[in-house]
Amino acid sequence: ASGAFITGLDGLISFQSIDDLRKPEAMIALDMGVVHPLSGLPIDHGFPCRIFTPGKYGYMQPKWIDSITFVDQGGHSNVVTKSIPYFDGRMQLASGFSRPRTGVLQDGQRELLGYAYGDGRPISHVDVQIDEGPWQRAEIVYNQHGPGEERFLWTLWRYDWLAVRGDHRLRCRATYA
């Protein structure tokens with residue numbers, strides 16, 4: 001078997017590869033862990049159990065698991081993955097602004113804050129562009145990618161900008177290591 005269809009009681013079906021399921025971060029959650037040790041998983045969080053595979057979007061991680069069926073990749077899973085382009089659920093590299101979101105800023109020195117996340121590969125840097133100017137390197141303020149550390153947390157960044165009166169277009173982009 002090279003993968004598994006995981007079915008939730010709500011009808012959601014997700015295909016997970018054996019490689020993804022064997023990663024040390026993947027788990028079937030039965031409780032809330034350190035939040036509520038040894039208490040069962042609440043119904044709104046997926047009781048009796050849910051799958052957790054970091055680096056995949058939430059729609060790929062069924063709650064209320066009813067069954068897990070192991071299949072051969074060349075079988076019916078191949079049809080599903082080809083007919084639904086986003087079916088593998090691998091997270092795309094993304095970045096954005098936490099501050100400012102929208103609105104009017106005062107002239108002067110402004111701190112721009114943002115985030116970046118992806119499929120678990122380390123993010124090496126984030127760049128910011130003001131209007132159509134050059135891309136400038138932002139400062140990474142949180143990026144936990146050392147040995148044994150959680151790889152699936154968001155990277156947080158900051159950038160100091162000398163704002164001038166007028167309309168501006170702010171953009172950011174992240175890059176994997």
# chains A, B, ... in the order shown; residues from 1 in each chain; ligands from 1
call {"tool": "residues_around", "arguments": {"residues": "Gln106 (chain A)", "least_positions_apart": "4", "cutoff": "10 Å", "atoms": "only C-alpha atoms", "output": "PyMOL selection string"}}
result
chain A and resi 110+163-165
call {"tool": "residues_around", "arguments": {"residues": "Asp10 (chain A)", "least_positions_apart": "2", "cutoff": "8 Å", "atoms": "only C-alpha atoms", "output": "list in words"}}
result
Gly8, Leu12 and Trp64 of chain A
call {"tool": "closest_residue", "arguments": {"among": "A:Ile28, A:Leu9, A:Val71, A:Ile123", "to": "Ile43 (chain A)", "atoms": "only C-alpha atoms"}}
result
A:Leu9
call {"tool": "atom_distance", "arguments": {"atom1": "CA of Trp135 (chain A)", "atom2": "CA of Gly55 (chain A)"}}
result
27.1 Å
call {"tool": "residues_around", "arguments": {"residues": "Tyr115 (chain A)", "least_positions_apart": "3", "cutoff": "6 Å", "atoms": "only C-alpha atoms", "output": "list in words"}}
result
Ser95, Gly96, Thr155, Leu156 and Trp157 of chain A
call {"tool": "write_last_selection", "arguments": {"atoms": "C-alpha atoms", "output": "mmCIF file, in the first residue's frame"}}
result
data_model
loop_
_atom_site.group_PDB
_atom_site.id
_atom_site.type_symbol
_atom_site.label_atom_id
_atom_site.label_comp_id
_atom_site.auth_asym_id
_atom_site.auth_seq_id
_atom_site.Cartn_x
_atom_site.Cartn_y
_atom_site.Cartn_z
ATOM 1 C CA SER A 95 3.375 35.548 2.868
ATOM 2 C CA GLY A 96 1.409 38.580 3.946
ATOM 3 C CA THR A 155 7.935 32.708 10.047
ATOM 4 C CA LEU A 156 7.454 36.242 11.351
ATOM 5 C CA TRP A 157 9.203 39.258 9.838
#
call {"tool": "select_by_dssp", "arguments": {"residues": "chain A", "states": "alpha helix (DSSP H)", "output": "PyMOL selection string"}}
result
chain A and resi 18-21+76-83
call {"tool": "write_last_selection", "arguments": {"atoms": "all heavy atoms", "output": "tab-separated table (two decimals), in the first residue's frame"}}
result
chain	number	residue	atom	x	y	z
A	18	ILE	N	1.80	7.35	2.12
A	18	ILE	CA	2.50	6.65	3.21
A	18	ILE	C	3.67	7.50	3.68
A	18	ILE	O	3.95	7.59	4.87
A	18	ILE	CB	2.96	5.25	2.76
A	18	ILE	CG1	1.75	4.33	2.59
A	18	ILE	CG2	3.95	4.66	3.75
A	18	ILE	CD1	0.96	4.06	3.86
A	19	ASP	N	4.37	8.15	2.74
A	19	ASP	CA	5.50	9.01	3.13
A	19	ASP	C	5.07	10.11	4.08
A	19	ASP	O	5.74	10.39	5.07
A	19	ASP	CB	6.18	9.61	1.89
A	19	ASP	CG	6.92	8.57	1.06
A	19	ASP	OD1	7.26	7.49	1.61
A	19	ASP	OD2	7.15	8.84	-0.13
A	20	ASP	N	3.92	10.77	3.79
A	20	ASP	CA	3.41	11.82	4.68
A	20	ASP	C	2.99	11.25	6.03
A	20	ASP	O	3.24	11.85	7.07
A	20	ASP	CB	2.24	12.56	4.05
A	20	ASP	CG	2.69	13.53	2.97
A	20	ASP	OD1	3.86	13.97	3.01
A	20	ASP	OD2	1.87	13.85	2.08
A	21	LEU	N	2.35	10.10	6.03
A	21	LEU	CA	1.87	9.51	7.28
A	21	LEU	C	3.01	9.01	8.16
A	21	LEU	O	2.86	8.92	9.38
A	21	LEU	CB	0.90	8.36	6.99
A	21	LEU	CG	-0.42	8.77	6.36
A	21	LEU	CD1	-1.22	7.55	5.94
A	21	LEU	CD2	-1.22	9.66	7.30
A	76	HIS	N	-7.39	3.40	-7.35
A	76	HIS	CA	-8.39	4.46	-7.44
A	76	HIS	C	-7.91	5.80	-6.90
A	76	HIS	O	-8.43	6.83	-7.26
A	76	HIS	CB	-9.70	4.04	-6.78
A	76	HIS	CG	-9.56	3.59	-5.36
A	76	HIS	ND1	-9.12	2.33	-5.02
A	76	HIS	CD2	-9.82	4.22	-4.20
A	76	HIS	CE1	-9.10	2.21	-3.70
A	76	HIS	NE2	-9.52	3.34	-3.19
A	77	SER	N	-6.89	5.83	-6.05
A	77	SER	CA	-6.39	7.12	-5.57
A	77	SER	C	-5.82	7.94	-6.72
A	77	SER	O	-5.89	9.17	-6.71
A	77	SER	CB	-5.32	6.92	-4.49
A	77	SER	OG	-4.19	6.29	-5.04
A	78	ASN	N	-5.25	7.27	-7.72
A	78	ASN	CA	-4.69	7.95	-8.88
A	78	ASN	C	-5.77	8.73	-9.63
A	78	ASN	O	-5.55	9.85	-10.07
A	78	ASN	CB	-4.04	6.92	-9.79
A	78	ASN	CG	-2.84	7.47	-10.51
A	78	ASN	OD1	-2.32	8.52	-10.14
A	78	ASN	ND2	-2.39	6.77	-11.52
A	79	VAL	N	-6.95	8.15	-9.76
A	79	VAL	CA	-8.06	8.82	-10.44
A	79	VAL	C	-8.47	10.07	-9.68
A	79	VAL	O	-8.65	11.14	-10.26
A	79	VAL	CB	-9.27	7.85	-10.59
A	79	VAL	CG1	-10.48	8.58	-11.14
A	79	VAL	CG2	-8.88	6.67	-11.46
A	80	VAL	N	-8.60	9.96	-8.36
A	80	VAL	CA	-9.03	11.10	-7.55
A	80	VAL	C	-7.99	12.22	-7.60
A	80	VAL	O	-8.34	13.38	-7.80
A	80	VAL	CB	-9.28	10.67	-6.08
A	80	VAL	CG1	-9.61	11.87	-5.22
A	80	VAL	CG2	-10.39	9.65	-6.02
A	81	THR	N	-6.72	11.90	-7.45
A	81	THR	CA	-5.70	12.96	-7.44
A	81	THR	C	-5.58	13.65	-8.79
A	81	THR	O	-5.25	14.83	-8.85
A	81	THR	CB	-4.32	12.42	-7.01
A	81	THR	OG1	-3.96	11.33	-7.85
A	81	THR	CG2	-4.33	11.96	-5.57
A	82	LYS	N	-5.87	12.95	-9.88
A	82	LYS	CA	-5.83	13.58	-11.20
A	82	LYS	C	-7.07	14.41	-11.48
A	82	LYS	O	-7.03	15.37	-12.23
A	82	LYS	CB	-5.65	12.52	-12.29
A	82	LYS	CG	-4.24	11.97	-12.33
A	82	LYS	CD	-4.06	10.97	-13.44
A	82	LYS	CE	-2.64	10.45	-13.45
A	82	LYS	NZ	-2.43	9.41	-14.42
A	83	SER	N	-8.21	14.06	-10.89
A	83	SER	CA	-9.45	14.77	-11.18
A	83	SER	C	-9.65	16.00	-10.30
A	83	SER	O	-10.41	16.88	-10.65
A	83	SER	CB	-10.66	13.84	-11.05
A	83	SER	OG	-10.76	13.37	-9.72
call {"tool": "closest_residue", "arguments": {"among": "A:Arg99, A:Arg158, A:Arg171, A:Ala29", "to": "Gly133 (chain A)", "atoms": "only C-alpha atoms"}}
result
A:Arg171
call {"tool": "atom_distance", "arguments": {"atom1": "CA of Met27 (chain A)", "atom2": "CA of Phe52 (chain A)"}}
result
5.2 Å
call {"tool": "select_by_dssp", "arguments": {"residues": "chain A", "states": "strand (DSSP E or B)", "output": "PyMOL selection string"}}
result
chain A and resi 3-8+13-17+27-29+31+40+50-52+56+65-71+90+94-99+108-117+123-130+136-137+139-142+155-163+170-176
call {"tool": "residues_around", "arguments": {"residues": "Glu111 (chain A)", "least_positions_apart": "3", "cutoff": "12 Å", "atoms": "only C-alpha atoms", "output": "PyMOL selection string"}}
result
chain A and resi 97-100+105-108+114+128+138-139+157-163
call {"tool": "atom_distance", "arguments": {"atom1": "CA of Arg121 (chain A)", "atom2": "CA of Thr175 (chain A)"}}
result
10.0 Å
call {"tool": "closest_residue", "arguments": {"among": "A:Tyr117, A:Phe15, A:Phe47, A:Trp154", "to": "Tyr176 (chain A)", "atoms": "only C-alpha atoms"}}
result
A:Tyr117
call {"tool": "closest_residue", "arguments": {"among": "A:Gly118, A:Gly103, A:Gly166, A:Pro62", "to": "Ile13 (chain A)", "atoms": "only C-alpha atoms"}}
result
A:Pro62
